Amino acid sequence: MAGLPPCVVFDIGSFCTRYGPAGYELPRVRPSVISRPAVAAALACGEGGVEPLPVVYSRCVEKGTVVSWDDYELLLSLLLHDLGMASEQHPVLVTEAPLAAREDRERLVETLFESLGAPAASVNIQAVLSLYATGRTTGIVLDVGDGATWSVPIYEGYSLPHATRRLSVAGADVTRFYAGALGLGGAGAEGLALARRVKEALAFVHLPEAAGVGEAECKRSEQASPETLVLPDGTTVRLPRSALTRGPEALFDVSILGDDGGCGGGGRRPRAAAERQFGLPDLVHGCVMSTSDCSAVRDELFRNVVLSGGSTAFRNLPKRLVRGMRALTSAEGGVGQRQRLKALLPEDRD
């Protein structure tokens with residue numbers, strides 16, 4: 001409607017936050033952290049002049065759940081200030097994780113209306129908005145973020161909570177794997193930042209040989225990935241090829257990280273030799289099969305698997321995901337569904 005002020009959109013994740021006025025082509029991005037002095041005191045003055053106090057960093061969202069509402073409110077205020085927009089003058093749209101607790105949503109709305117004074121507010125599930133962004137209202141959104149992985153079925157614009165599935169294995173676990181591989185396990189935030197840079201530049205998903213896929217294709221896929229990364233200070237990081245695929249492999253076999261991936265277990269669980277691995281294909285397949293007994297609904301969901309989240313950007317991940325789902329549907333005799341499986345990776349999502 002003409003004359004209304006633009007809505008402000010906030011997508012606050014475990015690792016980074018995307019925000020900006022609605023209608024802009026690209027959002028602004030910043031880490032989802034709050035920094036404050038380690039001690040509540042004035043700056044110390046010594047012989048060398050004013051000495052800055054040490055700074056501590058805290059995250060307001062972990063694994064998709066708000067852990068500090070005070071920091072969350074402060075982050076929203078900082079983002080609005082960065083945009084130069086007054087919260088009292090603009091409607092606000094904020095995303096939330098699937099299956100968010102009702103108490104958390106009530107607290108979020110209370111923060112928007114009472115603390116920030118927003119004239120109007122809307123809270124939406126991230127996965128639903130990701131599907132809308134592709135021009136669809138029905139499909140499965142596989143959201144592999146930094147803190148958690150979600151498989152969310154959406155039919156005619158509505159998410160289906162009873163069939164939504166979650167894995168606790170996500171991008172942060174892959175980052176910690178590379179921090180260990182580089183010997184940076186005890187290097188703190190700087191070590192994790194370096195490991196994340198290596199992960200994003202070098203890691204890729206291995207394509208094992210499968211029916212109809214020749215060995216030459218698999219070798220070309222692996223050989224196309226670089227093995228070295230030159231850091232800004234000139235340091236060259238080199239990892240063996242096995243390590244380049246080992247990290248993302250945890251998304252397809254959660255036992256690599258030594259636990260059950262948050263699938264209902266309680267800690268470290270060694271996998272028996274005959275036990276089949278559990279990962280993203282199982283997550284999506286189980287999600288679809290739990291939605292409806294109607295084959296037409298399942299078929300439409302299988303044809304529209306939308307990938308979201310930074311950790312789905314690993315090269316070869318869509319192909320590996322489709323192969324895994326085809327193997328599962330083939331084992332159950334779902335020949336028609338197997339032939340129409342499709343994983344969609346939006347090209348302009350960055």
# chains A, B, ... in the order shown; residues from 1 in each chain; ligands from 1
>>> closest_atom_pairs(of="region 111-210 of chain A", to="region 306-330 of chain A", cutoff="8 Å", atoms="only C-alpha atoms", output="JSON lines")
{"residue": "A:Ala127", "atom": "CA", "partner": "A:Ser308", "partner_atom": "CA", "distance": 7.8}
{"residue": "A:Ser130", "atom": "CA", "partner": "A:Ser308", "partner_atom": "CA", "distance": 6.9}
{"residue": "A:Leu131", "atom": "CA", "partner": "A:Val306", "partner_atom": "CA", "distance": 6.8}
{"residue": "A:Gly139", "atom": "CA", "partner": "A:Val306", "partner_atom": "CA", "distance": 7.1}
{"residue": "A:Ile140", "atom": "CA", "partner": "A:Val306", "partner_atom": "CA", "distance": 6.0}
{"residue": "A:Val141", "atom": "CA", "partner": "A:Val306", "partner_atom": "CA", "distance": 4.8}
{"residue": "A:Leu142", "atom": "CA", "partner": "A:Leu307", "partner_atom": "CA", "distance": 5.0}
{"residue": "A:Asp143", "atom": "CA", "partner": "A:Ser308", "partner_atom": "CA", "distance": 4.5}
{"residue": "A:Val144", "atom": "CA", "partner": "A:Gly309", "partner_atom": "CA", "distance": 4.9}
{"residue": "A:Gly145", "atom": "CA", "partner": "A:Gly309", "partner_atom": "CA", "distance": 4.7}
{"residue": "A:Asp146", "atom": "CA", "partner": "A:Ser311", "partner_atom": "CA", "distance": 7.2}
{"residue": "A:Ala170", "atom": "CA", "partner": "A:Ser311", "partner_atom": "CA", "distance": 7.2}
{"residue": "A:Gly171", "atom": "CA", "partner": "A:Ser311", "partner_atom": "CA", "distance": 5.5}
{"residue": "A:Glu200", "atom": "CA", "partner": "A:Phe314", "partner_atom": "CA", "distance": 7.7}
{"residue": "A:Ala203", "atom": "CA", "partner": "A:Phe314", "partner_atom": "CA", "distance": 6.9}
{"residue": "A:Phe204", "atom": "CA", "partner": "A:Arg315", "partner_atom": "CA", "distance": 5.0}
{"residue": "A:Val205", "atom": "CA", "partner": "A:Asn316", "partner_atom": "CA", "distance": 5.3}
{"residue": "A:His206", "atom": "CA", "partner": "A:Asn316", "partner_atom": "CA", "distance": 7.1}
{"residue": "A:Leu207", "atom": "CA", "partner": "A:Arg320", "partner_atom": "CA", "distance": 6.2}
>>> write_last_selection(atoms="all heavy atoms", output="short mmCIF file (atom, residue, chain, number, x, y, z; two decimals), in the first residue's frame")
data_model
loop_
_atom_site.label_atom_id
_atom_site.label_comp_id
_atom_site.auth_asym_id
_atom_site.auth_seq_id
_atom_site.Cartn_x
_atom_site.Cartn_y
_atom_site.Cartn_z
N ALA A 127 12.56 -21.44 7.09
CA ALA A 127 12.42 -22.36 5.97
C ALA A 127 11.27 -21.98 5.05
O ALA A 127 11.37 -22.11 3.83
CB ALA A 127 12.23 -23.79 6.49
N SER A 130 12.39 -19.21 2.87
CA SER A 130 13.34 -19.71 1.86
C SER A 130 12.60 -20.34 0.69
O SER A 130 13.00 -20.18 -0.47
CB SER A 130 14.29 -20.73 2.50
OG SER A 130 15.09 -20.13 3.49
N LEU A 131 11.53 -21.07 0.99
CA LEU A 131 10.74 -21.69 -0.09
C LEU A 131 10.02 -20.62 -0.90
O LEU A 131 9.99 -20.67 -2.14
CB LEU A 131 9.75 -22.68 0.50
CG LEU A 131 8.95 -23.49 -0.52
CD1 LEU A 131 9.87 -24.47 -1.24
CD2 LEU A 131 7.81 -24.25 0.15
N GLY A 139 6.98 -27.80 -0.89
CA GLY A 139 8.30 -28.41 -1.05
C GLY A 139 8.92 -28.75 0.29
O GLY A 139 8.31 -28.56 1.34
N ILE A 140 10.13 -29.26 0.22
CA ILE A 140 10.92 -29.58 1.41
C ILE A 140 12.10 -28.60 1.44
O ILE A 140 12.81 -28.45 0.45
CB ILE A 140 11.47 -31.02 1.37
CG1 ILE A 140 10.32 -32.02 1.46
CG2 ILE A 140 12.45 -31.25 2.50
CD1 ILE A 140 9.78 -32.23 2.85
N VAL A 141 12.31 -27.95 2.57
CA VAL A 141 13.47 -27.08 2.72
C VAL A 141 14.48 -27.78 3.64
O VAL A 141 14.16 -28.09 4.79
CB VAL A 141 13.08 -25.71 3.31
CG1 VAL A 141 14.33 -24.88 3.57
CG2 VAL A 141 12.17 -24.97 2.35
N LEU A 142 15.64 -28.05 3.09
CA LEU A 142 16.74 -28.61 3.88
C LEU A 142 17.66 -27.46 4.23
O LEU A 142 18.40 -26.96 3.39
CB LEU A 142 17.50 -29.68 3.08
CG LEU A 142 18.70 -30.30 3.79
CD1 LEU A 142 18.29 -31.01 5.07
CD2 LEU A 142 19.44 -31.27 2.86
N ASP A 143 17.60 -27.04 5.47
CA ASP A 143 18.36 -25.87 5.93
C ASP A 143 19.52 -26.35 6.79
O ASP A 143 19.33 -26.79 7.93
CB ASP A 143 17.44 -24.95 6.74
CG ASP A 143 18.12 -23.67 7.17
OD1 ASP A 143 19.30 -23.48 6.83
OD2 ASP A 143 17.49 -22.85 7.86
N VAL A 144 20.73 -26.29 6.24
CA VAL A 144 21.93 -26.70 6.96
C VAL A 144 22.68 -25.43 7.35
O VAL A 144 23.42 -24.86 6.56
CB VAL A 144 22.83 -27.62 6.11
CG1 VAL A 144 23.96 -28.20 6.97
CG2 VAL A 144 22.01 -28.73 5.49
N GLY A 145 22.45 -24.97 8.54
CA GLY A 145 23.07 -23.74 9.00
C GLY A 145 24.34 -24.00 9.79
O GLY A 145 25.00 -25.02 9.62
N ASP A 146 24.67 -23.06 10.66
CA ASP A 146 25.88 -23.19 11.46
C ASP A 146 25.63 -24.00 12.73
O ASP A 146 26.48 -24.78 13.15
CB ASP A 146 26.41 -21.81 11.85
CG ASP A 146 27.79 -21.87 12.49
OD1 ASP A 146 28.75 -22.21 11.78
OD2 ASP A 146 27.89 -21.58 13.69
N ALA A 170 25.91 -29.73 12.08
CA ALA A 170 25.76 -28.64 11.12
C ALA A 170 27.12 -28.04 10.82
O ALA A 170 28.17 -28.65 11.08
CB ALA A 170 24.78 -27.60 11.66
N GLY A 171 27.12 -26.81 10.29
CA GLY A 171 28.35 -26.19 9.83
C GLY A 171 29.39 -26.00 10.91
O GLY A 171 30.60 -26.13 10.66
N GLU A 200 35.52 -23.27 3.86
CA GLU A 200 34.76 -22.65 2.77
C GLU A 200 35.53 -22.64 1.45
O GLU A 200 34.92 -22.67 0.38
CB GLU A 200 34.39 -21.22 3.17
CG GLU A 200 33.42 -21.16 4.35
CD GLU A 200 33.18 -19.74 4.83
OE1 GLU A 200 33.89 -18.83 4.34
OE2 GLU A 200 32.32 -19.54 5.70
N ALA A 203 36.99 -27.39 1.17
CA ALA A 203 36.21 -28.61 1.42
C ALA A 203 35.17 -28.84 0.33
O ALA A 203 34.63 -27.90 -0.25
CB ALA A 203 35.54 -28.52 2.79
N PHE A 204 34.88 -30.10 0.07
CA PHE A 204 33.84 -30.47 -0.88
C PHE A 204 33.33 -31.85 -0.52
O PHE A 204 33.92 -32.59 0.27
CB PHE A 204 34.36 -30.44 -2.32
CG PHE A 204 35.44 -31.45 -2.61
CD1 PHE A 204 35.14 -32.65 -3.23
CD2 PHE A 204 36.76 -31.19 -2.26
CE1 PHE A 204 36.14 -33.58 -3.51
CE2 PHE A 204 37.77 -32.11 -2.53
CZ PHE A 204 37.45 -33.31 -3.15
N VAL A 205 32.19 -32.21 -1.09
CA VAL A 205 31.54 -33.49 -0.79
C VAL A 205 32.03 -34.54 -1.77
O VAL A 205 32.04 -34.32 -2.99
CB VAL A 205 30.01 -33.35 -0.88
CG1 VAL A 205 29.33 -34.71 -0.75
CG2 VAL A 205 29.51 -32.41 0.21
N HIS A 206 32.44 -35.67 -1.23
CA HIS A 206 32.92 -36.78 -2.05
C HIS A 206 31.75 -37.46 -2.75
O HIS A 206 30.69 -37.67 -2.16
CB HIS A 206 33.67 -37.79 -1.19
CG HIS A 206 34.02 -39.05 -1.91
ND1 HIS A 206 34.88 -39.07 -2.98
CD2 HIS A 206 33.64 -40.35 -1.71
CE1 HIS A 206 35.01 -40.32 -3.42
NE2 HIS A 206 34.26 -41.11 -2.67
N LEU A 207 31.95 -37.80 -4.03
CA LEU A 207 30.94 -38.53 -4.78
C LEU A 207 31.40 -39.96 -4.96
O LEU A 207 32.22 -40.26 -5.85
CB LEU A 207 30.71 -37.89 -6.15
CG LEU A 207 29.91 -36.58 -6.19
CD1 LEU A 207 29.85 -36.06 -7.62
CD2 LEU A 207 28.51 -36.80 -5.66
#
>>> residues_around(residues="region 57-73 of chain A", least_positions_apart="5", cutoff="7 Å", atoms="only C-alpha atoms", output="list in words")
Gly13, Ser14, Ser32, Val33, Ile34, Ser35, Arg36, Ala97, Thr111, Gly147 and Ala148 of chain A
>>> residues_around(residues="Phe278 (chain A)", least_positions_apart="3", cutoff="7 Å", atoms="only C-alpha atoms", output="JSON, numbers by chain")
{"A": [252, 253, 254, 282]}
>>> write_last_selection(atoms="N, CA, C and O atoms", output="PDB file, in the first residue's frame")
ATOM      1  N   PHE A 252      26.684 -36.583   5.999  1.00  0.00           N
ATOM      2  CA  PHE A 252      26.070 -37.785   5.437  1.00  0.00           C
ATOM      3  C   PHE A 252      26.278 -39.007   6.322  1.00  0.00           C
ATOM      4  O   PHE A 252      25.679 -40.050   6.086  1.00  0.00           O
ATOM      5  N   ASP A 253      27.124 -38.886   7.321  1.00  0.00           N
ATOM      6  CA  ASP A 253      27.356 -39.966   8.277  1.00  0.00           C
ATOM      7  C   ASP A 253      27.720 -39.324   9.610  1.00  0.00           C
ATOM      8  O   ASP A 253      28.882 -39.024   9.875  1.00  0.00           O
ATOM      9  N   VAL A 254      26.727 -39.100  10.445  1.00  0.00           N
ATOM     10  CA  VAL A 254      26.945 -38.338  11.673  1.00  0.00           C
ATOM     11  C   VAL A 254      27.862 -39.049  12.648  1.00  0.00           C
ATOM     12  O   VAL A 254      28.417 -38.417  13.561  1.00  0.00           O
ATOM     13  N   ASP A 282      18.714 -39.422   4.742  1.00  0.00           N
ATOM     14  CA  ASP A 282      17.765 -40.054   5.658  1.00  0.00           C
ATOM     15  C   ASP A 282      16.844 -39.012   6.288  1.00  0.00           C
ATOM     16  O   ASP A 282      15.653 -39.260   6.507  1.00  0.00           O
TER      17      ASP A 282
END
>>> atom_distance(atom1="CA of Leu75 (chain A)", atom2="CA of Arg196 (chain A)")
23.3 Å
>>> residues_around(residues="Ser87 (chain A)", least_positions_apart="5", cutoff="12 Å", atoms="only C-alpha atoms", output="list of chain:residue names")
A:Pro5, A:Pro6, A:Cys7, A:Val8, A:Val9, A:Pro21, A:Glu73, A:Leu76, A:Ser77, A:Leu78, A:Leu79, A:Leu80, A:His81, A:Asp82, A:Val92, A:Leu93, A:Thr111, A:Leu112, A:Phe113, A:Glu114, A:Ser115, A:Leu116, A:Gly117, A:Ala118, A:Pro119, A:Ala120, A:Ala121
>>> write_last_selection(atoms="N, CA and C atoms", output="mmCIF file, in the first residue's frame")
data_model
loop_
_atom_site.group_PDB
_atom_site.id
_atom_site.type_symbol
_atom_site.label_atom_id
_atom_site.label_comp_id
_atom_site.auth_asym_id
_atom_site.auth_seq_id
_atom_site.Cartn_x
_atom_site.Cartn_y
_atom_site.Cartn_z
ATOM 1 N N PRO A 5 5.611 2.949 5.482
ATOM 2 C CA PRO A 5 7.073 2.862 5.552
ATOM 3 C C PRO A 5 7.537 1.442 5.248
ATOM 4 N N PRO A 6 8.756 1.273 4.743
ATOM 5 C CA PRO A 6 9.231 -0.073 4.418
ATOM 6 C C PRO A 6 9.389 -0.922 5.666
ATOM 7 N N CYS A 7 9.137 -2.204 5.492
ATOM 8 C CA CYS A 7 9.322 -3.164 6.583
ATOM 9 C C CYS A 7 10.805 -3.482 6.745
ATOM 10 N N VAL A 8 11.240 -3.696 7.974
ATOM 11 C CA VAL A 8 12.624 -4.073 8.244
ATOM 12 C C VAL A 8 12.661 -5.577 8.539
ATOM 13 N N VAL A 9 13.568 -6.291 7.871
ATOM 14 C CA VAL A 9 13.659 -7.746 7.996
ATOM 15 C C VAL A 9 14.917 -8.115 8.769
ATOM 16 N N PRO A 21 16.085 -3.333 4.878
ATOM 17 C CA PRO A 21 14.710 -3.004 4.478
ATOM 18 C C PRO A 21 14.187 -4.008 3.451
ATOM 19 N N GLU A 73 17.864 -8.392 22.246
ATOM 20 C CA GLU A 73 17.287 -7.056 22.141
ATOM 21 C C GLU A 73 18.349 -6.016 21.806
ATOM 22 N N LEU A 76 19.231 -6.286 18.093
ATOM 23 C CA LEU A 76 18.214 -5.654 17.250
ATOM 24 C C LEU A 76 18.370 -4.128 17.253
ATOM 25 N N SER A 77 18.638 -3.568 18.429
ATOM 26 C CA SER A 77 18.812 -2.113 18.526
ATOM 27 C C SER A 77 20.029 -1.652 17.733
ATOM 28 N N LEU A 78 21.124 -2.417 17.802
ATOM 29 C CA LEU A 78 22.331 -2.071 17.056
ATOM 30 C C LEU A 78 22.101 -2.155 15.545
ATOM 31 N N LEU A 79 21.342 -3.157 15.116
ATOM 32 C CA LEU A 79 21.071 -3.319 13.689
ATOM 33 C C LEU A 79 20.209 -2.170 13.170
ATOM 34 N N LEU A 80 19.210 -1.775 13.952
ATOM 35 C CA LEU A 80 18.367 -0.643 13.553
ATOM 36 C C LEU A 80 19.183 0.648 13.478
ATOM 37 N N HIS A 81 20.082 0.826 14.436
ATOM 38 C CA HIS A 81 20.944 2.014 14.423
ATOM 39 C C HIS A 81 21.842 2.010 13.192
ATOM 40 N N ASP A 82 22.352 0.831 12.837
ATOM 41 C CA ASP A 82 23.210 0.719 11.660
ATOM 42 C C ASP A 82 22.437 1.079 10.390
ATOM 43 N N VAL A 92 8.210 -4.638 11.467
ATOM 44 C CA VAL A 92 9.369 -5.513 11.612
ATOM 45 C C VAL A 92 8.972 -6.952 11.295
ATOM 46 N N LEU A 93 9.796 -7.629 10.498
ATOM 47 C CA LEU A 93 9.642 -9.058 10.234
ATOM 48 C C LEU A 93 10.876 -9.760 10.765
ATOM 49 N N THR A 111 9.338 -8.339 23.013
ATOM 50 C CA THR A 111 10.512 -7.494 22.770
ATOM 51 C C THR A 111 10.258 -6.513 21.639
ATOM 52 N N LEU A 112 9.632 -6.979 20.558
ATOM 53 C CA LEU A 112 9.399 -6.125 19.397
ATOM 54 C C LEU A 112 8.426 -4.993 19.720
ATOM 55 N N PHE A 113 7.360 -5.312 20.424
ATOM 56 C CA PHE A 113 6.329 -4.301 20.689
ATOM 57 C C PHE A 113 6.661 -3.416 21.887
ATOM 58 N N GLU A 114 7.056 -4.027 23.000
ATOM 59 C CA GLU A 114 7.206 -3.260 24.232
ATOM 60 C C GLU A 114 8.588 -2.622 24.379
ATOM 61 N N SER A 115 9.638 -3.331 23.956
ATOM 62 C CA SER A 115 10.991 -2.774 24.118
ATOM 63 C C SER A 115 11.390 -1.890 22.947
ATOM 64 N N LEU A 116 11.070 -2.329 21.729
ATOM 65 C CA LEU A 116 11.461 -1.566 20.546
ATOM 66 C C LEU A 116 10.356 -0.649 20.040
ATOM 67 N N GLY A 117 9.135 -0.888 20.460
ATOM 68 C CA GLY A 117 8.037 -0.013 20.054
ATOM 69 C C GLY A 117 7.634 -0.143 18.604
ATOM 70 N N ALA A 118 7.793 -1.327 18.023
ATOM 71 C CA ALA A 118 7.436 -1.520 16.616
ATOM 72 C C ALA A 118 5.930 -1.347 16.425
ATOM 73 N N PRO A 119 5.493 -0.668 15.352
ATOM 74 C CA PRO A 119 4.060 -0.489 15.113
ATOM 75 C C PRO A 119 3.368 -1.764 14.650
ATOM 76 N N ALA A 120 4.122 -2.675 14.041
ATOM 77 C CA ALA A 120 3.575 -3.951 13.576
ATOM 78 C C ALA A 120 4.729 -4.943 13.501
ATOM 79 N N ALA A 121 4.417 -6.214 13.693
ATOM 80 C CA ALA A 121 5.476 -7.229 13.700
ATOM 81 C C ALA A 121 4.938 -8.538 13.139
#
>>> atom_distance(atom1="CA of Thr95 (chain A)", atom2="CA of Thr291 (chain A)")
23.3 Å
